[in-house]
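Next comes work-v7.cif, with mmCIF, C-alpha atoms.
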```
data_query
loop_
_atom_site.label_atom_id
_atom_site.label_comp_id
_atom_site.auth_asym_id
_atom_site.auth_seq_id
_atom_site.Cartn_x
_atom_site.Cartn_y
_atom_site.Cartn_z
CA MET A 1 0.00 0.00 0.00
CA THR A 2 1.46 3.34 -1.01
CA PHE A 3 1.35 6.47 1.14
CA PHE A 4 -1.16 8.06 -1.25
CA GLN A 5 -3.45 5.03 -1.09
CA ALA A 6 -3.23 5.03 2.71
CA LEU A 7 -4.18 8.71 2.85
CA VAL A 8 -7.12 8.26 0.46
CA LEU A 9 -8.41 5.26 2.44
CA ALA A 10 -8.00 7.17 5.73
CA LEU A 11 -9.93 10.20 4.49
CA LEU A 12 -12.57 7.89 3.02
CA GLN A 13 -12.89 6.03 6.32
CA GLY A 14 -13.08 9.24 8.40
CA VAL A 15 -15.78 10.76 6.22
CA SER A 16 -17.84 7.71 5.33
CA GLU A 17 -17.89 6.35 8.90
CA LEU A 18 -20.09 9.28 9.92
CA PHE A 19 -21.85 10.28 6.72
CA PRO A 20 -24.77 7.85 6.26
CA VAL A 21 -23.13 6.18 3.26
CA SER A 22 -21.38 3.10 4.75
CA SER A 23 -17.64 3.20 5.39
CA LEU A 24 -17.30 -0.56 5.00
CA GLY A 25 -19.05 -0.48 1.63
CA HIS A 26 -16.82 2.36 0.44
CA THR A 27 -13.61 0.74 1.60
CA ILE A 28 -14.58 -2.31 -0.47
CA LEU A 29 -15.91 -0.43 -3.51
CA VAL A 30 -13.43 2.44 -3.91
CA PRO A 31 -10.25 0.29 -4.09
CA ALA A 32 -12.14 -2.03 -6.49
CA VAL A 33 -13.21 0.87 -8.73
CA LEU A 34 -9.66 2.30 -8.69
CA HIS A 35 -8.21 -1.17 -9.42
CA TRP A 36 -5.92 -1.05 -6.38
CA ARG A 37 -5.05 -4.72 -6.61
CA ASN A 38 -1.91 -4.34 -4.46
CA ILE A 39 -4.08 -3.96 -1.33
CA ASP A 40 -4.66 -7.26 0.43
CA ARG A 41 -7.57 -6.60 2.79
CA SER A 42 -6.87 -9.77 4.76
CA SER A 43 -3.16 -9.11 5.36
CA ALA A 44 -1.98 -8.44 8.93
CA SER A 45 -0.48 -5.10 7.93
CA PHE A 46 -3.75 -3.87 6.35
CA LEU A 47 -5.78 -4.99 9.39
CA ALA A 48 -3.37 -3.09 11.66
CA PHE A 49 -3.80 -0.02 9.43
CA VAL A 50 -7.62 -0.28 9.72
CA VAL A 51 -7.38 -0.50 13.53
CA VAL A 52 -5.49 2.81 13.62
CA LEU A 53 -8.06 4.43 11.30
CA HIS A 54 -10.87 3.36 13.65
CA LEU A 55 -8.95 4.65 16.65
CA GLY A 56 -8.51 8.01 14.90
CA THR A 57 -12.23 8.19 14.12
CA ALA A 58 -13.25 7.23 17.67
CA VAL A 59 -10.88 9.76 19.24
CA ALA A 60 -12.30 12.48 16.97
CA LEU A 61 -15.84 11.61 18.11
CA VAL A 62 -14.83 11.64 21.78
CA ILE A 63 -13.14 15.03 21.35
CA PHE A 64 -16.12 16.51 19.50
CA TYR A 65 -18.61 15.36 22.16
CA ARG A 66 -16.18 15.63 25.09
CA ALA A 67 -18.43 17.80 27.29
CA GLN A 68 -21.41 15.54 26.68
CA TRP A 69 -19.41 12.35 27.28
CA TYR A 70 -18.05 13.79 30.53
CA ALA A 71 -21.60 14.51 31.75
CA ILE A 72 -22.88 11.13 30.54
CA VAL A 73 -20.10 9.11 32.21
CA ARG A 74 -20.50 11.15 35.41
CA GLY A 75 -24.25 10.50 35.35
CA LEU A 76 -23.77 6.77 34.75
CA VAL A 77 -21.21 6.36 37.53
CA ALA A 78 -23.29 8.42 39.97
CA SER A 79 -26.40 6.33 39.27
CA VAL A 80 -24.49 3.06 39.82
CA VAL A 81 -22.98 4.34 43.08
CA ARG A 82 -26.40 5.57 44.19
CA GLY A 83 -28.08 2.35 43.02
CA ARG A 84 -31.00 4.35 41.73
CA LEU A 85 -31.99 6.25 38.58
CA THR A 86 -32.97 9.88 39.00
CA GLY A 87 -34.10 10.46 35.42
CA ALA A 88 -31.59 13.29 34.98
CA ARG A 89 -31.04 14.12 31.31
CA GLU A 90 -27.44 12.99 30.85
CA GLU A 91 -27.86 9.95 33.09
CA ARG A 92 -30.90 8.83 31.10
CA THR A 93 -29.07 9.43 27.80
CA GLY A 94 -26.15 7.38 29.11
CA TRP A 95 -28.32 4.39 29.97
CA LEU A 96 -30.13 4.63 26.65
CA LEU A 97 -26.71 4.47 24.93
CA VAL A 98 -25.69 1.47 27.05
CA ILE A 99 -28.94 -0.37 26.24
CA ALA A 100 -28.67 0.48 22.53
CA THR A 101 -25.07 -0.72 22.38
CA ILE A 102 -25.91 -4.22 23.68
CA PRO A 103 -27.55 -5.54 20.45
CA VAL A 104 -24.69 -4.50 18.20
CA GLY A 105 -22.15 -5.87 20.71
CA ILE A 106 -23.79 -9.31 20.78
CA LEU A 107 -24.72 -9.48 17.08
CA GLY A 108 -21.31 -8.11 16.12
CA VAL A 109 -19.32 -10.90 17.78
CA ILE A 110 -21.70 -13.56 16.44
CA PHE A 111 -22.19 -12.42 12.86
CA GLU A 112 -19.37 -10.03 11.91
CA HIS A 113 -16.99 -12.58 10.40
CA PRO A 114 -19.58 -14.83 8.64
CA VAL A 115 -21.31 -11.74 7.17
CA ARG A 116 -18.03 -10.22 5.93
CA ARG A 117 -17.05 -13.56 4.41
CA LEU A 118 -20.38 -13.87 2.61
CA PHE A 119 -20.85 -10.28 1.47
CA GLY A 120 -17.37 -8.70 1.56
CA SER A 121 -17.05 -8.34 -2.21
CA PRO A 122 -18.02 -5.43 -4.52
CA ALA A 123 -21.33 -6.81 -5.90
CA PRO A 124 -23.09 -7.44 -2.55
CA ALA A 125 -21.59 -4.25 -1.08
CA ALA A 126 -22.98 -2.24 -4.03
CA LEU A 127 -26.38 -3.89 -3.69
CA PHE A 128 -26.52 -3.14 0.04
CA LEU A 129 -25.42 0.44 -0.65
CA LEU A 130 -28.40 0.77 -3.00
CA LEU A 131 -30.67 -0.71 -0.31
CA ASN A 132 -29.15 1.73 2.19
CA GLY A 133 -30.33 4.59 -0.01
CA LEU A 134 -33.81 3.10 -0.31
CA MET A 135 -33.89 2.62 3.47
CA MET A 136 -33.24 6.34 3.98
CA PHE A 137 -36.06 7.31 1.62
CA ALA A 138 -38.37 4.78 3.29
CA GLY A 139 -37.40 6.11 6.73
CA GLU A 140 -38.13 9.70 5.75
CA ALA A 141 -41.47 8.72 4.16
CA LEU A 142 -42.52 6.61 7.17
CA ARG A 143 -41.63 9.45 9.52
CA ARG A 144 -43.77 11.91 7.54
CA MET A 145 -46.67 9.41 7.51
CA GLN A 146 -46.34 8.85 11.28
CA ARG A 147 -46.35 12.56 11.96
CA ASP A 148 -49.27 13.27 9.63
CA ALA A 149 -51.36 10.39 11.00
CA ALA A 150 -50.74 10.79 14.72
CA GLN A 151 -49.77 14.48 14.93
CA ARG A 152 -46.89 13.43 17.16
CA ALA A 153 -44.35 15.98 18.31
CA ASP A 154 -40.58 15.37 18.29
CA LYS A 155 -39.09 13.91 21.46
CA PRO A 156 -35.77 14.88 23.02
CA ILE A 157 -33.29 11.99 23.29
CA GLU A 158 -33.80 11.50 27.02
CA ARG A 159 -37.51 10.80 26.48
CA LEU A 160 -36.81 7.76 24.31
CA SER A 161 -38.02 4.52 25.89
CA TYR A 162 -35.62 1.65 26.55
CA PRO A 163 -37.36 -0.57 23.92
CA ALA A 164 -36.84 2.30 21.45
CA ALA A 165 -33.14 2.32 22.37
CA ILE A 166 -32.97 -1.44 21.70
CA PHE A 167 -34.72 -0.86 18.35
CA ILE A 168 -32.12 1.77 17.40
CA GLY A 169 -29.34 -0.57 18.54
CA LEU A 170 -30.74 -3.41 16.41
CA ALA A 171 -30.97 -1.04 13.44
CA GLN A 172 -27.33 -0.10 13.98
CA ALA A 173 -26.42 -3.80 13.85
CA LEU A 174 -27.63 -3.84 10.22
CA ALA A 175 -24.38 -2.04 9.45
CA LEU A 176 -22.61 -5.39 9.82
CA LEU A 177 -23.69 -5.77 6.19
CA PRO A 178 -21.14 -4.01 3.95
CA GLY A 179 -22.99 -1.15 2.24
CA ILE A 180 -25.48 -0.50 5.03
CA SER A 181 -24.49 2.60 6.97
CA ARG A 182 -24.26 2.50 10.76
CA SER A 183 -25.21 6.15 11.13
CA GLY A 184 -27.85 5.90 8.38
CA SER A 185 -29.65 2.90 9.88
CA SER A 186 -29.52 4.22 13.44
CA MET A 187 -30.69 7.68 12.29
CA VAL A 188 -33.63 6.19 10.40
CA ALA A 189 -34.54 4.16 13.52
CA GLY A 190 -34.21 7.31 15.65
CA LEU A 191 -36.50 9.23 13.28
CA LEU A 192 -39.08 6.42 13.51
CA CYS A 193 -38.88 6.73 17.31
CA ASP A 194 -39.91 10.41 17.04
CA LEU A 195 -36.50 12.04 17.31
CA ASN A 196 -35.90 15.01 15.03
CA HIS A 197 -33.04 14.87 12.52
CA GLU A 198 -30.61 16.75 14.73
CA ASP A 199 -31.21 14.54 17.78
CA ALA A 200 -31.30 11.36 15.68
CA ALA A 201 -27.89 12.30 14.27
CA ARG A 202 -26.50 13.20 17.72
CA PHE A 203 -27.77 9.94 19.24
CA SER A 204 -26.35 8.02 16.28
CA PHE A 205 -22.90 9.62 16.66
CA LEU A 206 -22.88 9.12 20.43
CA LEU A 207 -23.94 5.50 19.88
CA ALA A 208 -21.22 4.96 17.29
CA THR A 209 -18.45 6.15 19.62
CA PRO A 210 -18.30 3.19 22.07
CA VAL A 211 -18.82 0.70 19.23
CA ILE A 212 -16.01 2.08 17.06
CA LEU A 213 -13.73 2.55 20.07
CA ALA A 214 -14.39 -0.95 21.43
CA ALA A 215 -13.91 -2.51 17.99
CA ALA A 216 -10.60 -0.69 17.63
CA LEU A 217 -9.39 -1.51 21.15
CA LEU A 218 -10.27 -5.20 20.77
CA GLU A 219 -8.24 -5.32 17.57
CA ILE A 220 -5.17 -3.61 19.07
CA PRO A 221 -3.27 -6.96 19.28
CA LYS A 222 -3.17 -6.79 15.46
CA LEU A 223 -0.90 -3.76 15.82
CA LEU A 224 1.63 -6.07 17.48
CA ALA A 225 1.75 -8.41 14.50
CA PRO A 226 5.28 -8.60 13.00
CA GLN A 227 4.09 -7.29 9.61
CA SER A 228 2.34 -4.24 11.09
CA HIS A 229 5.57 -2.19 11.35
CA LEU A 230 5.65 -2.24 7.54
CA VAL A 231 2.77 0.21 7.49
CA LEU A 232 3.69 2.19 10.62
CA VAL A 233 4.15 5.53 8.85
CA GLN A 234 1.03 5.05 6.73
CA ALA A 235 -0.95 3.97 9.81
CA VAL A 236 0.05 6.99 11.92
CA ALA A 237 -0.60 9.44 9.06
CA GLY A 238 -3.83 7.59 8.21
CA GLY A 239 -5.05 7.64 11.82
CA ILE A 240 -4.51 11.41 12.03
CA ALA A 241 -6.14 11.98 8.62
CA ALA A 242 -9.12 9.77 9.55
CA GLY A 243 -9.49 11.62 12.86
CA VAL A 244 -9.42 15.06 11.23
CA ALA A 245 -11.84 13.93 8.51
CA ALA A 246 -14.17 12.43 11.11
CA TYR A 247 -14.09 15.59 13.24
CA CYS A 248 -14.87 17.80 10.22
CA SER A 249 -17.62 15.38 9.14
CA VAL A 250 -19.38 15.31 12.49
CA ALA A 251 -19.10 19.11 12.78
CA PHE A 252 -20.64 19.47 9.33
CA LEU A 253 -23.36 16.85 9.84
CA THR A 254 -24.55 18.20 13.20
CA ARG A 255 -25.13 21.57 11.50
CA TYR A 256 -26.55 19.98 8.34
CA PHE A 257 -29.20 17.96 10.17
CA ARG A 258 -30.55 21.04 11.96
CA SER A 259 -32.46 21.90 8.82
CA ASN A 260 -31.99 19.06 6.33
CA ASP A 261 -32.88 15.41 5.97
CA LEU A 262 -31.38 12.12 4.75
CA ARG A 263 -32.64 12.22 1.17
CA PRO A 264 -29.51 13.65 -0.53
CA PHE A 265 -27.49 10.80 0.98
CA GLY A 266 -30.21 8.41 -0.15
CA TRP A 267 -29.85 9.63 -3.75
CA TYR A 268 -26.07 9.28 -3.55
CA CYS A 269 -26.29 5.70 -2.19
CA ILE A 270 -28.82 4.64 -4.82
CA LEU A 271 -26.77 6.09 -7.69
CA ALA A 272 -23.37 4.88 -6.44
CA GLY A 273 -24.81 1.48 -5.48
CA ALA A 274 -26.52 1.00 -8.85
CA ILE A 275 -23.44 2.03 -10.86
CA CYS A 276 -21.06 -0.14 -8.81
CA PHE A 277 -23.48 -3.08 -8.96
CA ALA A 278 -23.70 -2.78 -12.75
CA LEU A 279 -19.87 -2.57 -12.99
CA ALA A 280 -19.49 -5.58 -10.70
CA ARG A 281 -22.01 -7.62 -12.70
CA LYS A 282 -20.13 -6.83 -15.90
CA GLY A 283 -16.87 -7.88 -14.22
CA ILE A 284 -15.32 -4.42 -14.58
CA ILE A 285 -14.77 -4.22 -10.82
CA THR A 286 -13.89 -7.34 -8.86
CA MET B 1 -35.20 -9.91 39.76
CA ARG B 2 -32.03 -9.42 41.76
CA ILE B 3 -31.42 -13.18 41.88
CA ILE B 4 -31.96 -13.45 38.11
CA ALA B 5 -29.54 -10.58 37.49
CA LEU B 6 -26.88 -12.14 39.73
CA GLY B 7 -27.41 -15.56 38.15
CA LEU B 8 -26.99 -14.09 34.68
CA ALA B 9 -23.87 -12.22 35.79
CA VAL B 10 -22.29 -15.44 37.06
CA ALA B 11 -23.33 -17.30 33.89
CA PHE B 12 -21.84 -14.64 31.57
CA PHE B 13 -18.67 -14.54 33.66
CA ILE B 14 -18.20 -18.31 33.42
CA ILE B 15 -19.08 -18.39 29.70
CA GLY B 16 -16.49 -15.64 29.18
CA ILE B 17 -13.81 -17.71 30.90
CA LEU B 18 -14.76 -20.77 28.82
CA TYR B 19 -14.39 -18.69 25.64
CA GLY B 20 -11.08 -17.32 26.92
CA ILE B 21 -9.56 -20.75 27.49
CA GLY B 22 -11.02 -22.03 24.22
CA LYS B 23 -13.46 -24.57 25.72
CA ILE B 24 -16.36 -22.97 23.84
CA ASN B 25 -16.14 -22.27 20.12
CA LEU B 26 -19.78 -21.43 19.52
CA PHE B 27 -20.19 -18.40 17.18
CA THR B 28 -16.44 -18.18 16.61
CA GLU B 29 -14.67 -18.48 13.32
CA SER B 30 -13.44 -22.02 12.75
CA GLY B 31 -9.68 -21.91 12.88
CA ALA B 32 -9.66 -18.33 14.06
CA GLY B 33 -6.87 -17.14 16.27
CA HIS B 34 -6.85 -16.36 19.96
CA ALA B 35 -7.89 -12.73 19.46
CA HIS B 36 -11.35 -13.69 18.27
CA HIS B 37 -11.99 -15.69 21.46
CA VAL B 38 -10.77 -12.74 23.50
CA THR B 39 -13.49 -10.64 21.83
CA HIS B 40 -16.12 -13.11 23.03
CA LEU B 41 -14.59 -13.15 26.50
CA VAL B 42 -14.68 -9.35 26.72
CA VAL B 43 -18.29 -9.15 25.48
CA CYS B 44 -19.39 -11.84 27.99
CA TRP B 45 -17.67 -10.01 30.84
CA VAL B 46 -19.21 -6.69 29.81
CA LEU B 47 -22.63 -8.39 29.86
CA ALA B 48 -21.80 -9.83 33.31
CA LEU B 49 -20.88 -6.35 34.52
CA LEU B 50 -24.16 -4.94 33.17
CA CYS B 51 -26.06 -7.71 34.99
CA LEU B 52 -24.27 -6.78 38.22
CA ILE B 53 -25.29 -3.15 37.70
CA TRP B 54 -28.86 -4.33 37.08
CA ALA B 55 -28.70 -6.27 40.37
CA ARG B 56 -27.36 -3.16 42.09
CA PHE B 57 -30.35 -1.14 40.89
CA GLN B 58 -32.68 -3.86 42.20
CA SER B 59 -31.09 -3.90 45.64
CA ALA B 60 -31.00 -0.16 46.42
CA PRO B 61 -33.68 1.09 48.85
CA ARG B 62 -36.63 2.67 47.07
CA ARG B 63 -37.50 6.25 47.84
#
```

Would you give me this structure, written as structure tokens?
Amino acid sequence: MTFFQALVLALLQGVSELFPVSSLGHTILVPAVLHWRNIDRSSASFLAFVVVLHLGTAVALVIFYRAQWYAIVRGLVASVVRGRLTGAREERTGWLLVIATIPVGILGVIFEHPVRRLFGSPAPAALFLLLNGLMMFAGEALRRMQRDAAQRADKPIERLSYPAAIFIGLAQALALLPGISRSGSSMVAGLLCDLNHEDAARFSFLLATPVILAAALLEIPKLLAPQSHLVLVQAVAGGIAAGVAAYCSVAFLTRYFRSNDLRPFGWYCILAGAICFALARKGIIT
Amino acid sequence: MRIIALGLAVAFFIIGILYGIGKINLFTESGAGHAHHVTHLVVCWVLALLCLIWARFQSAPRR
């Protein structure tokens, strides 16, 4: 892997991890479209590189939401020490995040490897990317129908129920499929649970932080593999680039979702997914 | 509920150990390395910890 390739993959990871367009799908499709055949996705050095990219992304998310994470962790610890829930805003948000993280934690360890083995090639990733776009349109349409039919008002995050948190967590687990976006699926689920776009995005990013961080920390032994020093410079530069890209992305998206919805990303996923699927079917990308 | 929570905590803790020493291979990649079992161990222990917290909430005096 060249330095340029590492930088492109890092920026791609940092941006697409948070934009609702599937980072996993893009890291399969983009090297395939660019015919980067020198990248062996199963090699120890590449896996070590990916770990550092995830660490960079997670650190960027923690830094961006540092004040909120501080309040959430303080609320969680205080409630455990007290042995009682007070219903305070940050404490409630913290427990909702814990509950929502459980499904993806369990489903991730059970299904991650079989799913990647089955669908970790360009054609399925493109197809799921297309479905990801359709899911965003369906989510927006369902939300409008719900609001029109029941005249329901938006809820703040802390008023979500625990079953709703599990629903959002299960939706996030769909992102085990390459091409389905973690933030996209959890945002759509949040919208269907009566969050507005801004809160659905914030909950999705907060929810992504422990998952990305835990996934990266659990994979840290791969950094100790003998081959990993081969990509040390690329990994460090890539981690920083992914972190900066992730920070800029979350800053942009939190502003964007104050007044916009998921449909532009839906169009992008449908178009990119359809084109890549057609190219994969014709054997142009493999 | 407290007994159930504690029972689950103990069960997850033991299952975690069994994954860690490689006695259980359920839902692991066949032929996968040690790291994959460590992931299962960590997830089981996190679930055990959450069950203990659940038990703690059940045992605190109600206002």

Can you list what the PyMOL selection byres ((chain A and resi 53) around 10) grabs from this structure, as a list in words?
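Output from the PyMOL selection byres ((chain A and resi 53) around 10), applied to this file: Ala6, Leu9, Ala10, Leu11, Gln13, Gly14, Leu47, Ala48, Phe49, Val50, Val51, Val52, His54, Leu55, Gly56, Thr57, Ala58, Val59, Ala216, Ala235, Val236, Ala237, Gly238, Gly239, Ile240, Ala241, Ala242 and Gly243 of chain A.
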
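Computed from the coordinates, the atom CA of B:Cys51 to atom CA of A:Arg202 distance equals 27.1 Å.
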
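Here atom CA of A:Leu207 and atom CA of A:Glu91 stand 14.5 Å from one another.
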
For the provided coordinates, the residues matched by the PyMOL selection byres ((chain A) within 8 of (chain B)) should be stated as an MDAnalysis selection string.
chainID A and resid 80 82:85 105:106 109:111 113:114 218:219 221

Could you name the residues that touch B:Ala11 at 12 Å or less, counting all atoms listed in the file, but leaving out those on the same chain fewer than 2 positions away, as a PyMOL selection string?
chain B and resi 4-9+13-18+44-45+47-49+51-52

Work out how far atom CA of A:Gly169 is from atom CA of A:Ser186, in Å to one decimal.
7.0 Å

Expand the PyMOL selection byres ((chain A and resi 160) around 10) into the individual residues it matches in the shown file, reporting them as number ranges by chain.
A: 92-93, 96, 155-159, 161-165, 190, 193-195

Write the residues you've just listed into a file as a PDB file, in the frame of the given file, and include C-alpha atoms for each of them.
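Okay, this is what ended up in again07.pdb:
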```
ATOM      1  CA  ARG A  92     -30.900   8.830  31.100  1.00  0.00           C
ATOM      2  CA  THR A  93     -29.070   9.430  27.800  1.00  0.00           C
ATOM      3  CA  LEU A  96     -30.130   4.630  26.650  1.00  0.00           C
ATOM      4  CA  LYS A 155     -39.090  13.910  21.460  1.00  0.00           C
ATOM      5  CA  PRO A 156     -35.770  14.880  23.020  1.00  0.00           C
ATOM      6  CA  ILE A 157     -33.290  11.990  23.290  1.00  0.00           C
ATOM      7  CA  GLU A 158     -33.800  11.500  27.020  1.00  0.00           C
ATOM      8  CA  ARG A 159     -37.510  10.800  26.480  1.00  0.00           C
ATOM      9  CA  SER A 161     -38.020   4.520  25.890  1.00  0.00           C
ATOM     10  CA  TYR A 162     -35.620   1.650  26.550  1.00  0.00           C
ATOM     11  CA  PRO A 163     -37.360  -0.570  23.920  1.00  0.00           C
ATOM     12  CA  ALA A 164     -36.840   2.300  21.450  1.00  0.00           C
ATOM     13  CA  ALA A 165     -33.140   2.320  22.370  1.00  0.00           C
ATOM     14  CA  GLY A 190     -34.210   7.310  15.650  1.00  0.00           C
ATOM     15  CA  CYS A 193     -38.880   6.730  17.310  1.00  0.00           C
ATOM     16  CA  ASP A 194     -39.910  10.410  17.040  1.00  0.00           C
ATOM     17  CA  LEU A 195     -36.500  12.040  17.310  1.00  0.00           C
TER      18      LEU A 195
END
```

Using all atoms listed in the file, find all polymer residues with an atom at most 12 Å away from the point (-7.6, -1.3, -3.9); report them as a PyMOL selection string.
chain A and resi 1-2+4-6+8-9+26-41+46+121-122+285-286

Would you compute, for all listed atoms of stretch 245-256 of chain A, the axis-aligned bounding box grown by 6 Å on each side, and then report its centre and edge lengths in Å rounded to one decimal, as lines of an AutoDock Vina configuration file?
```
center_x = -19.2
center_y = 17.0
center_z = 10.8
size_x = 26.7
size_y = 21.1
size_z = 16.9
```

Within 8 Å of file point (-34.4, 11.2, 2.3), counting only C-alpha atoms, expressed as a list in words:
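These residues have at least one counted atom within 8 Å: Met136, Phe137, Ala138, Gly139, Glu140, Ala141, Asp261, Leu262, Arg263, Pro264, Phe265, Gly266 and Trp267 of chain A.
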
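Candidate residues A:Ser23, A:Ala246, A:Ala272, A:Leu18 were compared for distance to A:Pro178, and the nearest is A:Ser23, using only C-alpha atoms.
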
Can you tell me, as an mmCIF file with C-alpha atoms, in the frame of the given file, what residues are no more than 8 Å from A:Gly25 when counting all atoms listed in the file, ignoring any on the same chain fewer than 5 positions away?
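Saved the output as selection_2.cif:
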```cif
data_model
loop_
_atom_site.group_PDB
_atom_site.id
_atom_site.type_symbol
_atom_site.label_atom_id
_atom_site.label_comp_id
_atom_site.auth_asym_id
_atom_site.auth_seq_id
_atom_site.Cartn_x
_atom_site.Cartn_y
_atom_site.Cartn_z
ATOM 1 C CA PRO A 122 -18.020 -5.430 -4.520
ATOM 2 C CA ALA A 125 -21.590 -4.250 -1.080
ATOM 3 C CA ALA A 126 -22.980 -2.240 -4.030
ATOM 4 C CA LEU A 129 -25.420 0.440 -0.650
ATOM 5 C CA PRO A 178 -21.140 -4.010 3.950
ATOM 6 C CA GLY A 179 -22.990 -1.150 2.240
ATOM 7 C CA ILE A 180 -25.480 -0.500 5.030
#
```
